[in-house]
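Student: Pasting input-v6.txt here (compact mmCIF, C-alpha atoms):
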```txt
# COMPACT_ATOMS: atom_id res chain seq x y z
CA PRO A 1 15.18 28.48 -12.93
CA LYS A 2 12.34 30.55 -11.46
CA SER A 3 9.61 28.99 -9.36
CA GLY A 4 7.02 30.45 -11.71
CA SER A 5 8.51 28.51 -14.61
CA ILE A 6 7.78 25.13 -13.05
CA THR A 7 5.37 23.21 -15.24
CA THR A 8 3.58 19.97 -14.47
CA ARG A 9 1.61 17.51 -16.51
CA PRO A 10 -2.13 17.43 -15.87
CA ILE A 11 -1.99 13.79 -14.77
CA LEU A 12 0.09 14.63 -11.68
CA LYS A 13 -1.79 14.71 -8.41
CA LYS A 14 -2.12 18.06 -6.65
CA ASN A 15 -0.17 16.81 -3.62
CA THR A 16 2.71 15.71 -5.87
CA VAL A 17 2.83 19.09 -7.58
CA ARG A 18 2.73 20.89 -4.23
CA SER A 19 5.51 18.69 -2.84
CA TYR A 20 7.84 19.30 -5.81
CA ARG A 21 7.08 23.01 -5.85
CA THR A 22 7.99 23.28 -2.17
CA ILE A 23 11.47 21.80 -2.53
CA ILE A 24 12.24 23.70 -5.74
CA GLU A 25 11.24 26.99 -4.14
CA ARG A 26 13.45 26.17 -1.13
CA TYR A 27 16.29 25.40 -3.55
CA ILE A 28 15.84 28.75 -5.31
CA LYS A 29 15.79 30.58 -2.00
CA GLU A 30 19.02 28.81 -0.97
CA PHE A 31 21.02 29.14 -4.18
CA GLY A 32 19.37 32.11 -5.84
CA ASP A 33 19.72 32.57 -9.58
CA GLY A 34 23.27 31.25 -9.77
CA PRO A 35 24.28 28.69 -12.41
CA VAL A 36 23.04 25.21 -11.60
CA GLU A 37 26.37 23.64 -12.55
CA GLN A 38 28.12 25.50 -9.72
CA VAL A 39 26.11 23.70 -7.06
CA SER A 40 28.41 21.04 -5.59
CA PRO A 41 27.59 17.74 -3.85
CA GLU A 42 28.73 19.35 -0.59
CA HIS A 43 26.23 22.18 -1.11
CA ILE A 44 23.47 19.65 -1.77
CA LEU A 45 24.32 17.55 1.29
CA THR A 46 24.26 20.62 3.56
CA PHE A 47 21.00 21.78 1.97
CA LEU A 48 19.31 18.39 2.36
CA ASN A 49 20.49 17.95 5.95
CA ARG A 50 19.06 21.31 6.91
CA LEU A 51 15.86 20.83 4.89
CA THR A 52 15.05 17.39 6.32
CA GLU A 53 16.23 17.87 9.89
CA GLY A 54 13.80 16.08 12.21
CA ASN A 55 12.01 14.32 9.34
CA LYS A 56 11.44 10.58 9.15
CA PRO A 57 13.78 8.51 6.89
CA TYR A 58 11.00 8.03 4.34
CA THR A 59 10.48 11.80 4.03
CA LYS A 60 14.22 12.35 3.70
CA ARG A 61 14.39 9.87 0.83
CA ILE A 62 11.46 11.57 -0.88
CA ARG A 63 13.16 14.98 -0.68
CA PHE A 64 16.41 13.54 -2.02
CA SER A 65 14.57 11.86 -4.88
CA GLN A 66 12.71 15.06 -5.77
CA LEU A 67 15.89 17.13 -5.80
CA SER A 68 17.71 14.53 -7.88
CA SER A 69 14.80 14.51 -10.35
CA PHE A 70 15.09 18.29 -10.64
CA PHE A 71 18.74 18.08 -11.67
CA ASN A 72 17.98 15.27 -14.10
CA PHE A 73 15.27 17.45 -15.65
CA VAL A 74 17.75 20.31 -16.13
CA ARG A 75 20.28 17.91 -17.68
CA ASN A 76 17.78 16.28 -20.03
CA ASN A 77 16.12 19.49 -21.18
CA ILE A 78 18.58 22.36 -20.76
CA ASP A 79 22.20 21.34 -20.17
CA PRO A 80 23.24 17.84 -21.36
CA GLU A 81 26.69 18.36 -19.84
CA LEU A 82 25.38 18.89 -16.32
CA ARG A 83 26.46 16.32 -13.77
CA ASN A 84 23.80 15.66 -11.16
CA PRO A 85 25.33 16.66 -7.78
CA CYS A 86 22.95 14.24 -6.04
CA ASP A 87 24.45 11.35 -7.97
CA ARG A 88 27.39 10.71 -5.65
CA PRO A 89 28.04 7.51 -3.68
CA MET A 90 28.26 9.33 -0.36
CA ILE A 91 24.90 11.08 -0.78
CA ARG A 92 23.13 8.05 -2.28
CA LYS A 93 24.26 5.95 0.67
CA LEU A 94 22.80 8.43 3.16
CA TYR A 95 19.46 8.60 1.34
CA ARG A 96 19.28 5.13 -0.12
CA GLU A 97 16.05 3.15 -0.24
CA ARG A 98 15.43 0.59 2.43
CA VAL A 99 15.32 -3.05 1.39
CA PRO A 100 11.63 -3.83 0.79
CA LEU A 101 10.07 -5.63 3.72
CA ARG A 102 8.98 -9.19 3.01
CA TRP A 103 6.13 -10.39 5.16
CA LYS A 104 5.67 -13.95 6.24
CA ILE A 105 2.63 -15.24 4.41
CA ILE A 106 0.27 -17.49 6.36
CA GLU A 107 -0.66 -20.55 4.32
CA LYS A 108 -4.22 -21.36 3.28
CA GLU A 109 -4.51 -24.43 5.53
CA THR A 110 -3.67 -22.31 8.58
CA VAL A 111 -6.08 -19.53 7.60
CA ASP A 112 -8.84 -22.09 7.01
CA GLU A 113 -8.23 -23.61 10.44
CA ILE A 114 -8.35 -20.18 12.09
CA ILE A 115 -11.68 -19.41 10.42
CA PHE A 116 -13.26 -22.82 11.06
CA ARG A 117 -12.26 -22.76 14.74
CA THR A 118 -13.82 -19.33 15.24
CA THR A 119 -17.30 -20.13 16.49
CA LYS A 120 -18.70 -16.64 17.05
CA VAL A 121 -20.55 -15.65 13.87
CA ARG A 122 -19.51 -12.00 14.01
CA ASN A 123 -15.83 -12.76 14.45
CA ARG A 124 -15.81 -15.43 11.75
CA LEU A 125 -17.39 -13.07 9.24
CA ILE A 126 -14.82 -10.37 9.98
CA LEU A 127 -12.00 -12.86 9.44
CA GLU A 128 -13.53 -14.17 6.21
CA LEU A 129 -14.07 -10.72 4.73
CA MET A 130 -10.37 -9.99 5.16
CA ALA A 131 -9.11 -13.43 4.11
CA ARG A 132 -11.60 -14.11 1.27
CA GLY A 133 -12.35 -10.57 0.16
CA GLY A 134 -8.99 -8.86 0.70
CA MET A 135 -10.59 -6.15 2.83
CA ARG A 136 -8.79 -3.92 5.29
CA ILE A 137 -10.06 -4.20 8.84
CA GLY A 138 -11.19 -0.58 8.81
CA GLU A 139 -13.24 -1.25 5.67
CA VAL A 140 -14.92 -4.23 7.30
CA LEU A 141 -15.87 -2.24 10.38
CA LYS A 142 -17.43 0.55 8.28
CA LEU A 143 -19.77 -1.79 6.39
CA ARG A 144 -23.48 -0.96 6.70
CA LEU A 145 -26.58 -2.92 5.81
CA CYS A 146 -27.18 -0.71 2.76
CA ASP A 147 -23.70 -1.60 1.42
CA LEU A 148 -24.64 -5.24 0.76
CA GLN A 149 -25.41 -6.04 -2.88
CA ASP A 150 -25.38 -9.85 -2.89
CA ARG A 151 -21.77 -10.85 -3.68
CA LYS A 152 -20.73 -7.23 -4.15
CA LEU A 153 -20.05 -4.87 -1.24
CA VAL A 154 -19.95 -1.08 -1.57
CA LEU A 155 -17.06 0.71 0.15
CA ARG A 156 -17.87 4.35 0.72
CA GLU A 157 -15.06 6.93 1.03
CA PRO A 158 -12.30 4.33 0.52
CA LYS A 159 -8.61 4.86 1.16
CA SER A 160 -7.99 5.62 -2.54
CA GLY A 161 -9.90 8.89 -2.26
CA LYS A 162 -12.59 7.76 -4.69
CA GLU A 163 -16.25 8.26 -3.87
CA TYR A 164 -16.72 4.48 -3.58
CA GLU A 165 -15.23 1.10 -4.51
CA PHE A 166 -16.55 -2.45 -4.74
CA VAL A 167 -15.46 -5.65 -3.01
CA PHE A 168 -16.43 -9.06 -4.39
CA ILE A 169 -16.88 -12.00 -2.02
CA PRO A 170 -17.81 -15.71 -2.37
CA GLN A 171 -21.53 -16.53 -2.43
CA LYS A 172 -21.43 -18.56 0.81
CA VAL A 173 -19.83 -15.67 2.68
CA ALA A 174 -22.30 -13.21 1.11
CA ASP A 175 -25.30 -15.31 2.20
CA ARG A 176 -24.11 -15.61 5.81
CA LEU A 177 -23.16 -11.93 5.92
CA ARG A 178 -26.64 -10.83 4.81
CA GLU A 179 -28.33 -13.19 7.23
CA TYR A 180 -26.23 -11.85 10.12
CA ALA A 181 -26.69 -8.23 9.04
CA MET A 182 -30.47 -8.58 8.91
CA GLU A 183 -30.39 -9.86 12.52
CA VAL A 184 -28.23 -7.11 14.01
CA CYS A 185 -29.25 -4.06 11.94
CA ASN A 186 -32.50 -2.15 12.41
CA ALA A 187 -32.01 0.38 9.60
CA PRO A 188 -30.14 0.45 6.25
CA GLY A 189 -27.55 2.85 7.66
CA ASP A 190 -26.67 0.72 10.68
CA ARG A 191 -23.13 -0.67 10.95
CA ILE A 192 -22.96 -4.44 10.69
CA PHE A 193 -19.96 -4.69 13.04
CA PRO A 194 -20.29 -1.84 15.58
CA ILE A 195 -17.05 -2.54 17.43
CA SER A 196 -13.83 -0.54 17.71
CA TYR A 197 -10.68 -1.12 15.68
CA GLU A 198 -8.80 -2.15 18.83
CA ALA A 199 -11.45 -4.74 19.76
CA ALA A 200 -11.29 -6.20 16.26
CA ARG A 201 -7.48 -6.26 16.31
CA ILE A 202 -7.42 -8.12 19.63
CA MET A 203 -9.95 -10.61 18.27
CA VAL A 204 -7.71 -11.32 15.27
CA ILE A 205 -4.65 -11.80 17.49
CA LYS A 206 -6.53 -14.25 19.74
CA SER A 207 -7.78 -16.16 16.68
CA GLY A 208 -4.20 -16.68 15.56
CA LYS A 209 -3.11 -17.85 18.99
CA MET A 210 -5.68 -20.66 18.79
CA VAL A 211 -3.54 -22.34 16.12
CA GLY A 212 -0.17 -21.12 17.39
CA VAL A 213 0.56 -18.33 14.92
CA LYS A 214 1.19 -14.61 15.33
CA LEU A 215 -1.67 -13.07 13.36
CA ARG A 216 -2.32 -9.42 12.57
CA PRO A 217 -5.33 -8.06 10.65
CA HIS A 218 -3.35 -7.13 7.53
CA ASP A 219 -1.89 -10.66 7.35
CA LEU A 220 -5.30 -11.87 6.18
CA ARG A 221 -5.45 -9.28 3.40
CA ARG A 222 -1.96 -10.30 2.25
CA HIS A 223 -3.04 -13.94 2.38
CA SER A 224 -5.95 -13.24 0.04
CA ALA A 225 -3.58 -11.70 -2.51
CA THR A 226 -0.94 -14.42 -2.27
CA TYR A 227 -3.46 -17.27 -2.44
CA ALA A 228 -5.06 -15.71 -5.52
CA SER A 229 -1.64 -15.33 -7.14
CA ARG A 230 -0.69 -18.95 -6.42
CA SER A 231 -4.05 -20.06 -7.83
CA GLY A 232 -3.19 -18.48 -11.18
CA VAL A 233 -5.22 -15.26 -10.91
CA PRO A 234 -3.66 -12.52 -13.13
CA ILE A 235 -1.86 -9.88 -11.11
CA GLU A 236 -4.00 -7.17 -12.73
CA ILE A 237 -7.12 -8.75 -11.18
CA ILE A 238 -5.39 -9.12 -7.80
CA SER A 239 -4.29 -5.50 -7.91
CA LYS A 240 -7.39 -3.77 -9.25
CA VAL A 241 -10.20 -6.06 -8.01
CA ILE A 242 -9.04 -7.86 -4.85
CA LEU A 243 -6.66 -5.33 -3.28
CA ARG A 244 -7.86 -2.24 -5.19
CA HIS A 245 -4.36 -0.79 -5.49
CA ALA A 246 -3.53 2.16 -7.73
CA ASN A 247 -0.17 0.63 -8.77
CA LEU A 248 0.95 -2.92 -9.57
CA SER A 249 4.22 -2.28 -7.71
CA THR A 250 2.29 -1.94 -4.47
CA THR A 251 0.56 -5.26 -5.11
CA GLN A 252 3.85 -7.03 -5.83
CA ARG A 253 5.13 -6.12 -2.35
CA TYR A 254 2.13 -7.91 -0.85
CA LEU A 255 2.79 -11.23 -2.55
CA GLY A 256 4.74 -13.88 -0.69
CA THR A 257 7.88 -15.45 -2.11
CA LYS A 258 7.70 -18.88 -3.71
CA SER A 259 9.33 -21.82 -1.92
CA ASP A 260 11.44 -24.41 -3.76
CA VAL A 261 8.73 -27.01 -3.21
CA GLU A 262 6.09 -24.79 -4.77
CA ALA A 263 8.37 -23.86 -7.68
CA ILE A 264 8.95 -27.54 -8.45
CA ARG A 265 5.22 -28.26 -8.23
CA TRP A 266 4.41 -25.52 -10.75
CA ILE A 267 7.10 -26.76 -13.15
CA GLU A 268 5.72 -30.29 -12.90
CA ASN A 269 2.19 -29.00 -13.55
CA ILE A 270 3.35 -27.16 -16.65
CA TYR A 271 5.81 -29.65 -18.15
CA GLY A 272 5.40 -32.91 -16.22
```
Produce structure tokens that represent the structure in this file.

Tutor:
Amino acid sequence: PKSGSITTRPILKKNTVRSYRTIIERYIKEFGDGPVEQVSPEHILTFLNRLTEGNKPYTKRIRFSQLSSFFNFVRNNIDPELRNPCDRPMIRKLYRERVPLRWKIIEKETVDEIIFRTTKVRNRLILELMARGGMRIGEVLKLRLCDLQDRKLVLREPKSGKEYEFVFIPQKVADRLREYAMEVCNAPGDRIFPISYEAARIMVIKSGKMVGVKLRPHDLRRHSATYASRSGVPIEIISKVILRHANLSTTQRYLGTKSDVEAIRWIENIYG
């Protein structure tokens, strides 16, 4: 196949297209116009090792996946008899996916205690926006007075690449946030929390130590998702509204596992 013959669907992101094009063009340069079926697993292993030398494991897995997808495309559309040279136990083992990391979810009672024992208004609001609104710490620190719309907060230039997103927070938190913002801000464009990321991170860690837990900023965002899930909120709402993820699979990795005690409680609630 020629690099000019590569076609992509319009829904693919530009970075995805560029990434696939790069590896296919490298493949063509390596193996020329020879028959695809003559490329052996040994050839592929040598090619991948050279291509990904010095790369992180995640990047290596991406390159392997892209190359494997290329051979599957050829098999499904051109040569049904082709055997994918990437589909060998030895190669799959070298480029296999890591076991998804499961985070320890901090329970609601602990999060509540952390928040209630935080007496400084600024720090408490930062903790609540992450724990009650599912916000990232960087998003909290970028908030400006003009971003407050009662229970709705405007996130400008969010991580998703969109022009803006919205965060929804409880009324009590919204009222205290506006009151605090009006005290510390002189103009609509002023930041509500003009502190550094490192200062905020240290504050979160110290807040956790007050109740004897190891707390990181993202733990509060994960808590907001897990608590919503355990309260019966549909995963679509958790994903698109609370966490603002592009894919449900990303959201599912955030959610904590269910304990036996909680499983029994839910069964009793449904059938008891």

Student: Rounded to one decimal place, report the atom CA of Arg92 of chain A-atom CA of Ala246 of chain A distance in Å.

Tutor: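 One can read the atom CA of Arg92 of chain A to atom CA of Ala246 of chain A distance as 27.8 Å.
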
Student: I want to know what sits within 9 Å of Leu177 of chain A, based on all atoms listed in the file, with residues of the same chain fewer than 2 positions away left out; could you give that as a list in words?

Tutor: Arg122, Leu125, Leu148, Lys172, Val173, Ala174, Asp175, Glu179, Tyr180, Ala181, Met182 and Ile192 of chain A

Student: Just to be explicit: take each residue in the selection above, keep C-alpha atoms, and write the result as a CSV table (one decimal), keeping the file's coordinate frame.

Tutor:
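Wrote it out as selection-v9.csv, contents follow:
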```csv
chain,number,residue,atom,x,y,z
A,122,ARG,CA,-19.5,-12.0,14.0
A,125,LEU,CA,-17.4,-13.1,9.2
A,148,LEU,CA,-24.6,-5.2,0.8
A,172,LYS,CA,-21.4,-18.6,0.8
A,173,VAL,CA,-19.8,-15.7,2.7
A,174,ALA,CA,-22.3,-13.2,1.1
A,175,ASP,CA,-25.3,-15.3,2.2
A,179,GLU,CA,-28.3,-13.2,7.2
A,180,TYR,CA,-26.2,-11.8,10.1
A,181,ALA,CA,-26.7,-8.2,9.0
A,182,MET,CA,-30.5,-8.6,8.9
A,192,ILE,CA,-23.0,-4.4,10.7
```

Student: Compile the contact shell of Phe47 of chain A as JSON, numbers by chain: residues with an atom at most 10 Å away, counting only C-alpha atoms, same-chain residues fewer than 4 positions apart removed.

Tutor: {"A": [26, 27, 30, 31, 41, 42, 43, 51, 52]}

Student: Enter the distance from atom CA of Ser207 of chain A to atom CA of Pro194 of chain A, in Å, rounded to one decimal.

Tutor: 19.0 Å

Student: Can you measure atom CA of Phe70 of chain A to atom CA of Asn247 of chain A for me? One decimal in Å is fine.

Tutor: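 Computing it gives 23.4 Å between the two atoms.
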
Student: How would you write as a VMD selection string the residues that get within 6 Å of (-4.5, -5.6, 7.4) in the file's frame, counting all atoms listed in the file?

Tutor: chain A and resid 136 to 137 217 to 219 221

Student: Give as an NGL selection string each residue that has an atom at most 12 Å from (20.5, 16.1, -11.1) in the file, counting only C-alpha atoms.

Tutor: :A and (36-37 or 39-41 or 44 or 64-88)

Student: Looking at all atoms listed in the file, which of A:Arg151, A:Tyr197, A:Pro188, A:Ile91 is the one that sits closest to Glu139 of chain A?

Tutor: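 The closest residue to Glu139 of chain A is A:Tyr197.
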
Student: Which is closest to Arg176 of chain A among A:Leu129, A:Ile238, A:Ala228, A:Ile106, if we use all atoms listed in the file?

Tutor: A:Leu129

Student: Quick one: residues within 10 Å of Gln252 of chain A, all atoms listed in the file, excluding same-chain residues fewer than 3 positions away - as a list in words?

Tutor: Ala225, Thr226, Ile235, Ile238, Ser239, Asn247, Leu248, Ser249, Leu255 and Gly256 of chain A

Student: Compare A:Met130, A:Arg63, A:Arg216, A:Ile115 by their minimum atom-to-atom distance to Thr22 of chain A, counting only C-alpha atoms, and give me the closest one.

Tutor: A:Arg63

Student: Which residue, A:Lys104, A:Arg244, A:Arg156, A:Arg50, has the smallest gap to Lys142 of chain A when you use all atoms listed in the file?

Tutor: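 Using all atoms listed in the file, Lys142 of chain A sits closest to A:Arg156.
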
Student: Pick out the closest residue to Val184 of chain A from this set: A:Val121, A:Ile105, A:Ala200, A:Ile24. Count all atoms listed in the file.

Tutor: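 That would be A:Val121, the residue with the smallest distance to Val184 of chain A.
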
Student: When distances are computed from all atoms listed in the file, which of A:Thr59, A:Met203, A:Met90, A:Tyr20 shows the smallest separation from Lys120 of chain A?

Tutor: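 Comparing A:Thr59, A:Met203, A:Met90, A:Tyr20 against Lys120 of chain A, the winner is A:Met203.
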